[in-house]
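**Q** Compact mmCIF, C-alpha atoms, file my_file08.txt:
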# COMPACT_ATOMS: atom_id res chain seq x y z
CA LEU A 1 -20.90 11.19 2.62
CA ASN A 2 -20.87 11.35 6.42
CA SER A 3 -18.96 14.62 6.58
CA PRO A 4 -17.85 16.42 9.75
CA PHE A 5 -18.97 19.62 7.99
CA PRO A 6 -22.60 18.90 6.98
CA LEU A 7 -23.94 21.32 4.44
CA PRO A 8 -27.29 21.79 2.75
CA CYS A 9 -27.53 20.92 -0.91
CA MET A 10 -27.06 23.69 -3.42
CA ALA A 11 -28.20 24.26 -6.98
CA ALA A 12 -26.30 22.77 -9.91
CA PRO A 13 -23.09 24.73 -10.64
CA ASP A 14 -22.86 27.23 -13.43
CA PRO A 15 -20.27 26.04 -16.01
CA ALA A 16 -19.37 29.69 -16.63
CA ALA A 17 -17.82 29.74 -13.14
CA LEU A 18 -14.89 27.72 -14.49
CA LYS A 19 -13.27 30.80 -15.96
CA GLU A 20 -9.81 31.01 -17.46
CA PRO A 21 -6.99 32.09 -15.12
CA ASP A 22 -6.16 35.77 -14.79
CA GLY A 23 -2.35 35.69 -14.83
CA ASP A 24 -0.10 32.93 -13.52
CA ALA A 25 -1.51 29.47 -12.80
CA PRO A 26 1.39 27.35 -11.51
CA THR A 27 1.37 23.56 -11.63
CA VAL A 28 2.20 21.40 -8.62
CA ARG A 29 3.12 17.85 -9.61
CA MET A 30 2.36 15.17 -7.04
CA GLU A 31 4.11 11.87 -7.65
CA THR A 32 1.97 9.31 -5.85
CA SER A 33 1.67 5.55 -5.57
CA ALA A 34 -1.43 5.91 -7.78
CA GLY A 35 0.46 7.82 -10.50
CA THR A 36 1.25 11.43 -11.33
CA ILE A 37 -1.31 14.05 -10.29
CA ASP A 38 -0.76 17.54 -11.72
CA ILE A 39 -2.68 20.27 -9.92
CA ILE A 40 -3.21 23.62 -11.63
CA VAL A 41 -3.07 26.21 -8.84
CA ARG A 42 -5.39 29.19 -9.25
CA PRO A 43 -4.44 32.31 -7.26
CA ASP A 44 -7.31 34.11 -9.00
CA TRP A 45 -9.77 31.75 -7.29
CA ALA A 46 -8.25 31.75 -3.80
CA PRO A 47 -5.09 33.86 -3.31
CA HIS A 48 -4.54 32.93 0.35
CA GLY A 49 -5.19 29.24 -0.14
CA ALA A 50 -3.20 29.03 -3.38
CA ARG A 51 -0.19 30.65 -1.76
CA ARG A 52 -0.29 28.27 1.20
CA PHE A 53 -0.47 25.24 -1.10
CA LEU A 54 2.58 26.46 -3.00
CA GLU A 55 4.38 27.01 0.31
CA LEU A 56 3.52 23.48 1.43
CA ALA A 57 4.87 21.98 -1.79
CA THR A 58 7.99 24.16 -1.79
CA ALA A 59 8.80 23.26 1.81
CA GLY A 60 8.38 19.53 1.11
CA ASP A 61 5.64 19.27 3.73
CA LEU A 62 3.45 17.04 1.56
CA ASP A 63 6.16 14.48 0.80
CA GLY A 64 5.51 11.03 2.21
CA LEU A 65 1.95 11.76 3.35
CA ALA A 66 -1.00 9.44 2.80
CA PHE A 67 -4.48 10.02 1.42
CA TYR A 68 -5.73 9.05 4.88
CA ARG A 69 -9.38 9.77 4.10
CA ALA A 70 -10.52 8.44 0.73
CA VAL A 71 -14.20 7.91 -0.02
CA ARG A 72 -15.08 6.54 -3.44
CA GLY A 73 -16.86 9.09 -5.61
CA CYS A 74 -16.45 11.80 -2.98
CA LEU A 75 -13.03 12.99 -1.81
CA ALA A 76 -9.42 12.06 -1.10
CA GLN A 77 -7.94 14.00 1.83
CA PHE A 78 -4.28 14.51 2.76
CA GLY A 79 -2.05 16.69 4.93
CA LEU A 80 -1.68 14.76 8.21
CA PRO A 81 0.49 14.43 10.21
CA ALA A 82 1.50 18.08 9.79
CA ARG A 83 5.25 18.63 9.73
CA ARG A 84 5.04 22.11 11.22
CA GLN A 85 2.47 24.35 12.82
CA TRP A 86 1.16 26.53 9.99
CA PRO A 87 -0.84 29.57 11.12
CA PRO A 88 -4.53 29.60 10.14
CA LEU A 89 -5.42 31.40 6.93
CA PRO A 90 -8.06 34.07 6.45
CA ASP A 91 -10.92 32.88 4.27
CA ASP A 92 -10.76 33.73 0.59
CA ALA A 93 -13.63 35.63 -1.00
CA PRO A 94 -16.25 33.33 -2.58
CA THR A 95 -15.98 32.99 -6.33
CA GLY A 96 -18.71 30.50 -7.17
CA VAL A 97 -16.22 27.95 -8.54
CA PRO A 98 -18.03 24.59 -8.27
CA PHE A 99 -16.66 21.49 -6.56
CA LEU A 100 -16.56 19.30 -9.64
CA LEU A 101 -14.36 16.25 -10.23
CA GLY A 102 -10.73 17.27 -9.64
CA ALA A 103 -11.39 20.40 -7.55
CA VAL A 104 -8.78 20.92 -4.81
CA CYS A 105 -9.68 22.65 -1.55
CA PHE A 106 -8.46 23.08 2.02
CA ALA A 107 -10.30 21.20 4.74
CA ALA A 108 -11.34 23.35 7.70
CA VAL A 109 -13.51 23.34 10.81
CA GLY A 110 -14.81 26.90 10.65
CA LYS A 111 -14.08 30.44 9.59
CA HIS A 112 -10.41 31.36 9.14
CA SER A 113 -9.21 27.91 10.18
CA ARG A 114 -7.48 26.54 7.05
CA LYS A 115 -3.92 25.34 7.74
CA SER A 116 -2.32 22.44 5.86
CA THR A 117 -4.96 19.76 5.22
CA LEU A 118 -6.51 19.52 1.76
CA PHE A 119 -8.80 17.29 -0.24
CA ILE A 120 -9.35 16.48 -3.90
CA CYS A 121 -12.85 15.87 -5.19
CA VAL A 122 -12.89 12.41 -6.80
CA GLY A 123 -16.47 12.96 -7.89
CA ASP A 124 -18.89 15.85 -8.36
CA MET A 125 -19.25 17.27 -4.84
CA SER A 126 -20.90 20.57 -5.78
CA HIS A 127 -24.05 19.45 -3.94
CA CYS A 128 -22.12 19.20 -0.63
CA PHE A 129 -19.47 21.93 -0.64
CA GLY A 130 -19.25 25.59 -1.52
CA GLN A 131 -21.63 27.41 0.79
CA SER A 132 -19.31 27.99 3.75
CA PRO A 133 -16.81 30.87 3.52
CA TRP A 134 -13.78 28.61 4.02
CA GLU A 135 -14.78 26.35 1.13
CA THR A 136 -13.13 27.82 -1.96
CA PRO A 137 -11.24 25.66 -4.47
CA ILE A 138 -7.58 26.65 -4.76
CA GLY A 139 -7.02 24.77 -8.00
CA ALA A 140 -7.99 21.73 -10.03
CA VAL A 141 -6.41 18.49 -11.19
CA ALA A 142 -5.26 18.64 -14.81
CA GLU A 143 -7.40 16.65 -17.22
CA ALA A 144 -4.50 14.33 -18.08
CA SER A 145 -4.21 13.34 -14.39
CA LEU A 146 -7.86 12.55 -13.69
CA ASP A 147 -7.33 8.82 -14.30
CA ALA A 148 -4.93 8.72 -11.35
CA LEU A 149 -7.75 9.79 -9.04
CA ASP A 150 -9.56 6.53 -9.83
CA ARG A 151 -6.51 4.62 -8.56
CA ILE A 152 -6.43 6.23 -5.10
CA ASP A 153 -7.30 3.40 -2.72
CA THR A 154 -10.68 3.80 -1.03
CA CYS A 155 -10.95 0.40 0.69
CA TYR A 156 -11.01 1.92 4.20
CA GLY A 157 -13.60 4.57 3.38
CA ASP A 158 -14.22 7.50 5.70
CA ILE A 159 -12.25 8.37 8.84
CA ALA A 160 -13.19 6.85 12.20
CA GLU A 161 -14.72 10.08 13.50
CA CYS A 162 -17.30 9.92 10.71
CA GLY A 163 -18.20 6.28 11.28
CA GLY A 164 -15.87 4.84 8.66
CA ALA A 165 -13.28 2.09 8.88
CA GLY A 166 -10.47 4.54 8.13
CA PRO A 167 -7.88 6.12 10.42
CA ASP A 168 -8.54 8.13 13.56
CA THR A 169 -7.15 11.62 12.93
CA GLY A 170 -6.37 12.05 16.61
CA ARG A 171 -4.07 9.05 16.47
CA ILE A 172 -2.48 10.31 13.25
CA ASN A 173 -1.58 13.53 15.03
CA SER A 174 -0.35 11.84 18.20
CA GLU A 175 1.38 8.76 16.76
CA GLY A 176 2.48 9.98 13.35
CA GLY A 177 2.90 8.10 10.11
CA GLN A 178 3.81 4.83 11.77
CA TYR A 179 0.21 4.48 12.96
CA LEU A 180 -0.95 4.59 9.33
CA HIS A 181 1.75 2.18 8.11
CA ASN A 182 0.95 -0.36 10.81
CA ASN A 183 -2.83 -0.26 10.62
CA PHE A 184 -3.72 0.88 7.09
CA PRO A 185 -1.10 -0.62 4.76
CA LEU A 186 -3.14 -0.14 1.57
CA LEU A 187 -3.36 3.64 1.71
CA THR A 188 -2.18 5.62 -1.31
CA TYR A 189 0.85 7.83 -0.63
CA ILE A 190 2.27 11.06 -2.00
CA HIS A 191 5.95 10.48 -2.74
CA THR A 192 6.79 14.08 -3.66
CA ALA A 193 4.94 17.32 -4.44
CA ARG A 194 6.82 20.04 -6.34
CA CYS A 195 5.92 23.20 -8.24
CA LEU A 196 6.99 22.97 -11.90
CA ASP A 197 6.64 26.55 -13.09
CA TRP A 198 9.35 28.45 -11.24
CA PRO A 199 12.70 27.19 -9.94
CA PRO A 200 12.17 25.89 -6.40
CA PRO A 201 14.98 26.13 -3.84
CA PRO A 202 17.01 22.98 -3.07
CA ARG A 203 15.30 20.46 -0.85
CA VAL A 204 15.59 20.86 2.88
CA PRO A 205 15.02 18.42 5.74
CA PRO A 206 11.30 18.54 6.63
CA LEU A 207 10.24 19.84 10.03
CA GLU A 208 8.45 16.88 11.53
CA SER A 209 5.97 16.84 14.38
CA SER A 210 7.04 15.16 17.60
CA ALA A 211 4.85 12.17 16.76
CA SER A 212 6.46 11.77 13.35
CA ARG A 213 9.96 12.12 14.78
CA SER A 214 9.31 9.38 17.32
CA ALA A 215 8.02 7.04 14.62
CA GLN A 216 10.61 7.63 11.89
CA PRO A 217 14.42 7.62 11.63
CA GLN A 218 16.01 10.96 12.38
CA ASP A 219 18.42 10.96 9.43
CA VAL A 220 16.95 12.36 6.21
CA SER A 221 18.38 11.43 2.83
CA PHE A 222 17.46 12.87 -0.55
CA GLY A 223 17.93 10.05 -2.97
CA GLN A 224 19.27 6.54 -3.31
CA HIS A 225 22.92 7.56 -3.34
CA SER A 226 22.87 10.65 -1.15
CA GLN A 227 24.01 10.91 2.46
CA PRO A 228 22.13 12.52 5.39
CA PHE A 229 23.03 16.10 6.24
CA ALA A 230 25.26 16.64 9.25
CA GLN A 231 23.30 17.86 12.24
CA VAL A 232 25.10 21.22 12.29
CA GLY A 233 24.46 21.83 8.61
CA ARG A 234 20.74 21.08 8.84
CA GLN A 235 19.73 24.18 10.75
CA THR A 236 21.78 26.55 8.58
CA THR A 237 20.61 24.99 5.31
CA GLN A 238 17.00 24.89 6.44
CA ALA A 239 16.95 28.56 7.44
CA ALA A 240 18.49 29.67 4.15
CA GLN A 241 16.12 27.59 2.02
CA VAL A 242 12.99 28.66 3.90
CA VAL A 243 13.95 32.29 3.16
CA GLN A 244 14.43 31.41 -0.53
CA ALA A 245 11.08 29.60 -0.61
CA ALA A 246 9.27 32.55 0.94
CA GLN A 247 10.87 34.97 -1.53
CA ALA A 248 9.91 32.76 -4.50
CA VAL A 249 6.29 32.50 -3.42
CA ALA A 250 6.10 36.22 -2.60
CA ALA A 251 7.47 37.08 -6.04
CA LEU A 252 4.74 34.99 -7.67
CA PHE A 253 1.93 36.85 -5.88
CA HIS A 254 3.37 40.34 -5.48
CA GLY A 255 6.01 40.75 -8.16
CA PRO A 256 9.80 40.37 -8.11
CA ASP A 257 10.32 43.30 -5.73
CA ALA A 258 8.44 41.46 -2.96
CA GLY A 259 11.44 39.20 -2.35
CA ALA A 260 13.99 42.00 -2.04
CA ALA A 261 16.97 41.23 0.14
CA PRO A 262 16.66 42.34 3.77
CA GLN A 263 19.86 44.35 3.45
CA GLN A 264 18.36 46.45 0.65
CA GLN A 265 15.19 47.07 2.66
CA GLN A 266 17.24 48.11 5.70
CA HIS A 267 19.29 50.51 3.55
CA GLN A 268 16.11 52.12 2.20
CA GLN A 269 14.67 52.46 5.71
CA HIS A 270 17.94 54.04 6.88
CA GLN A 271 17.80 56.59 4.06
CA GLN A 272 14.18 57.46 4.88
CA HIS A 273 15.10 57.88 8.53
CA GLN A 274 17.88 60.28 7.63
CA GLN A 275 15.53 62.33 5.43
CA HIS A 276 13.17 62.81 8.37
CA GLN A 277 15.92 63.91 10.76
Could you write out this file's structure as structure tokens?
**A**
Amino acid sequence: LNSPFPLPCMAAPDPAALKEPDGDAPTVRMETSAGTIDIIVRPDWAPHGARRFLELATAGDLDGLAFYRAVRGCLAQFGLPARRQWPPLPDDAPTGVPFLLGAVCFAAVGKHSRKSTLFICVGDMSHCFGQSPWETPIGAVAEASLDALDRIDTCYGDIAECGGAGPDTGRINSEGGQYLHNNFPLLTYIHTARCLDWPPPPRVPPLESSASRSAQPQDVSFGQHSQPFAQVGRQTTQAAQVVQAAQAVAALFHGPDAGAAPQQQQHQQHQQHQQHQ
């Protein structure tokens, strides 16, 4: 693999590293043109990365994206073009979880740089990944979905920056999805990605990058028989649902009190202020 992040080889992984989850392990179901891919998310492996992946799925930011970098026996990468500017994540503590077939991890360019691009190992990549601090699996593909990984199209190979015949990530970012549709018609696509284990908020119009907006129709519909939202209603609905999404994810990681209503928090702060007067 001609990777932009070359790493020295490491020793064979210890099977004991694949420990059972400590607490909740939500499932994100990705409906793709290669079939259904269920990903078991592991906050006990990578709490920061796991939370971001759940946020991406809840916000609908993975819907309609391609596996733009797919190398047979190595990895299948997705996440571009980004629909919004996610802040970089701090690195998760290393756990020794190996990069075996089905491992899911964020792609990054250095320390504390993970944002919204991920890859799935479609082969045993434990000899290439796992020694840098930003390389920590955030989950793994369920055993029943491993066959779908074999159906992800790899005919274009690696991305252009790595000497492959695949897409140029700079053009993906600047030109949006239309660049992929026009030049790489055989790519495998993610139709939807949703968490199955707690009730997600209703769908909201995705926040697209300027490149995506220029390449795609502005109206967003949510099914064969549904109508686009009115422009006025979009901003109000989006704001409300993003708050709901954040509260749902916070409750998963920090307990139900983490998503307390702002009014309740303000009331408590007001009472504390009065006590100190």
**Q** Hey, which of A:Arg83, A:Arg114, A:His127, A:Arg69 ends up closest to A:Thr188? Count all atoms listed in the file.
**A**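 Once distances to A:Thr188 are computed over all atoms listed in the file, the minimum belongs to A:Arg69.
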**Q** Just the number, please: distance in Å from atom CA of A:Leu149 to atom CA of A:Leu65, one decimal.
**A**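 Atom CA of A:Leu65 lies 15.9 Å from atom CA of A:Leu149.
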**Q** For atom CA of A:Gly157 and atom CA of A:Ser33, determine how far apart the two atoms are, in Å to one decimal place.
**A** 17.7 Å
**Q** Could you state the separation of atom CA of A:Leu196 and atom CA of A:Glu31 in Å, given to one decimal place?
**A** 12.2 Å
**Q** Once you count only C-alpha atoms, what closest atom pair and distance in Å to one decimal does each residue of stretch 25-133 of chain A within 9 Å of stretch 164-182 of chain A have, with rows by chain and rising residue number, as a tab-separated table?
**A**
residue	atom	partner	partner_atom	distance
A:Gly64	CA	A:Gly177	CA	8.8
A:Leu65	CA	A:Gly177	CA	7.7
A:Ala66	CA	A:Leu180	CA	8.1
A:Tyr68	CA	A:Pro167	CA	6.6
A:Arg69	CA	A:Gly166	CA	6.7
A:Ala70	CA	A:Gly166	CA	8.4
A:Leu80	CA	A:Ile172	CA	6.8
A:Pro81	CA	A:Asn173	CA	5.3
A:Ala82	CA	A:Asn173	CA	7.6
**Q** Given the choices A:Gly96, A:Pro43, A:Pro26, A:Gly123, which gets closest to A:Arg72 if the distance is worked out from all atoms listed in the file?
**A**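 Closest candidate: A:Gly123.
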**Q** Kindly provide the residues of stretch 29-79 of chain A that approach stretch 101-108 of chain A to within 9 Å, each paired with its closest atom pair and their distance in Å to one decimal, based on all atoms listed in the file, listed by chain and increasing number, as CSV.
**A**
residue,atom,partner,partner_atom,distance
A:Ile39,CA,A:Val104,CA,8.0
A:Val41,CA,A:Val104,CA,8.8
A:Gly49,CA,A:Phe106,CA,7.3
A:Phe53,CA,A:Phe106,CA,8.8
A:Gly73,CA,A:Leu101,CA,8.9
A:Cys74,CA,A:Leu101,CA,8.8
A:Gln77,CA,A:Ala107,CA,8.1
**Q** Which of these, A:Leu146, A:Ala93, A:Ile152, A:Ala76, has the shortest distance to A:Gly130 once you count all atoms listed in the file?
**A**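 Using all atoms listed in the file, the shortest distance to A:Gly130 belongs to A:Ala93.
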**Q** Scan for residues within 12 Å of the point (-2.1, 28.2, 9.0) in the coordinates of the file, using only C-alpha atoms, and reply as a ChimeraX atom specification.
**A** /A:48-49,51-53,55-56,82,84-91,106-108,112-117
**Q** Mind dumping the selected residues with C-alpha atoms as an mmCIF file, in the coordinates of the input?
**A**
data_model
loop_
_atom_site.group_PDB
_atom_site.id
_atom_site.type_symbol
_atom_site.label_atom_id
_atom_site.label_comp_id
_atom_site.auth_asym_id
_atom_site.auth_seq_id
_atom_site.Cartn_x
_atom_site.Cartn_y
_atom_site.Cartn_z
ATOM 1 C CA HIS A 48 -4.540 32.930 0.350
ATOM 2 C CA GLY A 49 -5.190 29.240 -0.140
ATOM 3 C CA ARG A 51 -0.190 30.650 -1.760
ATOM 4 C CA ARG A 52 -0.290 28.270 1.200
ATOM 5 C CA PHE A 53 -0.470 25.240 -1.100
ATOM 6 C CA GLU A 55 4.380 27.010 0.310
ATOM 7 C CA LEU A 56 3.520 23.480 1.430
ATOM 8 C CA ALA A 82 1.500 18.080 9.790
ATOM 9 C CA ARG A 84 5.040 22.110 11.220
ATOM 10 C CA GLN A 85 2.470 24.350 12.820
ATOM 11 C CA TRP A 86 1.160 26.530 9.990
ATOM 12 C CA PRO A 87 -0.840 29.570 11.120
ATOM 13 C CA PRO A 88 -4.530 29.600 10.140
ATOM 14 C CA LEU A 89 -5.420 31.400 6.930
ATOM 15 C CA PRO A 90 -8.060 34.070 6.450
ATOM 16 C CA ASP A 91 -10.920 32.880 4.270
ATOM 17 C CA PHE A 106 -8.460 23.080 2.020
ATOM 18 C CA ALA A 107 -10.300 21.200 4.740
ATOM 19 C CA ALA A 108 -11.340 23.350 7.700
ATOM 20 C CA HIS A 112 -10.410 31.360 9.140
ATOM 21 C CA SER A 113 -9.210 27.910 10.180
ATOM 22 C CA ARG A 114 -7.480 26.540 7.050
ATOM 23 C CA LYS A 115 -3.920 25.340 7.740
ATOM 24 C CA SER A 116 -2.320 22.440 5.860
ATOM 25 C CA THR A 117 -4.960 19.760 5.220
#
**Q** With 4 Å added on each side, what axis-aligned box encloses every listed atom of stretch 152-161 of chain A? Give the centre and edge lengths in Å to one decimal, as AutoDock Vina command-line options.
**A**
--center_x -10.6 --center_y 5.2 --center_z 4.2 --size_x 16.3 --size_y 17.7 --size_z 26.6
**Q** From the options A:Pro94, A:Ala46, A:Phe78, A:Val71, which residue's atoms come nearest to A:Met125, counting only C-alpha atoms?
**A**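 Looking at the shortest contact to A:Met125, the residue is A:Val71.
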**Q** Any idea what's packed within 8 Å of A:Asp63, counting only C-alpha atoms, ignoring anything in its chain fewer than 3 positions away? Could you give it as a compact mmCIF listing (two decimals) with C-alpha atoms, in the coordinates of the input?
**A**
# COMPACT_ATOMS: atom_id res chain seq x y z
CA GLY A 60 8.38 19.53 1.11
CA ILE A 190 2.27 11.06 -2.00
CA HIS A 191 5.95 10.48 -2.74
CA THR A 192 6.79 14.08 -3.66
CA ALA A 193 4.94 17.32 -4.44
**Q** Closest to A:Ala144 among A:Pro98, A:Gly35, A:Pro185, A:Gly110, using only C-alpha atoms?
**A**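 For A:Ala144, the nearest of the candidates is A:Gly35.
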**Q** List the spatial neighbours of A:Thr36 as a list in words - criterion: any atom at most 8 Å away, all atoms listed in the file, same-chain residues fewer than 5 positions off excluded.
**A**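 Near A:Thr36, the qualifying residues are Arg29, Met30, Glu31, Ser145 and Ala148 of chain A.
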**Q** Please tell me which residues are no farther than 10 Å from (-2.7, 28.6, -10.3) in the file, counting only C-alpha atoms, and write them as JSON, numbers by chain.
**A** {"A": [21, 22, 23, 24, 25, 26, 27, 28, 39, 40, 41, 42, 43, 44, 45, 46, 47, 50, 51, 54, 138, 139, 140, 197]}
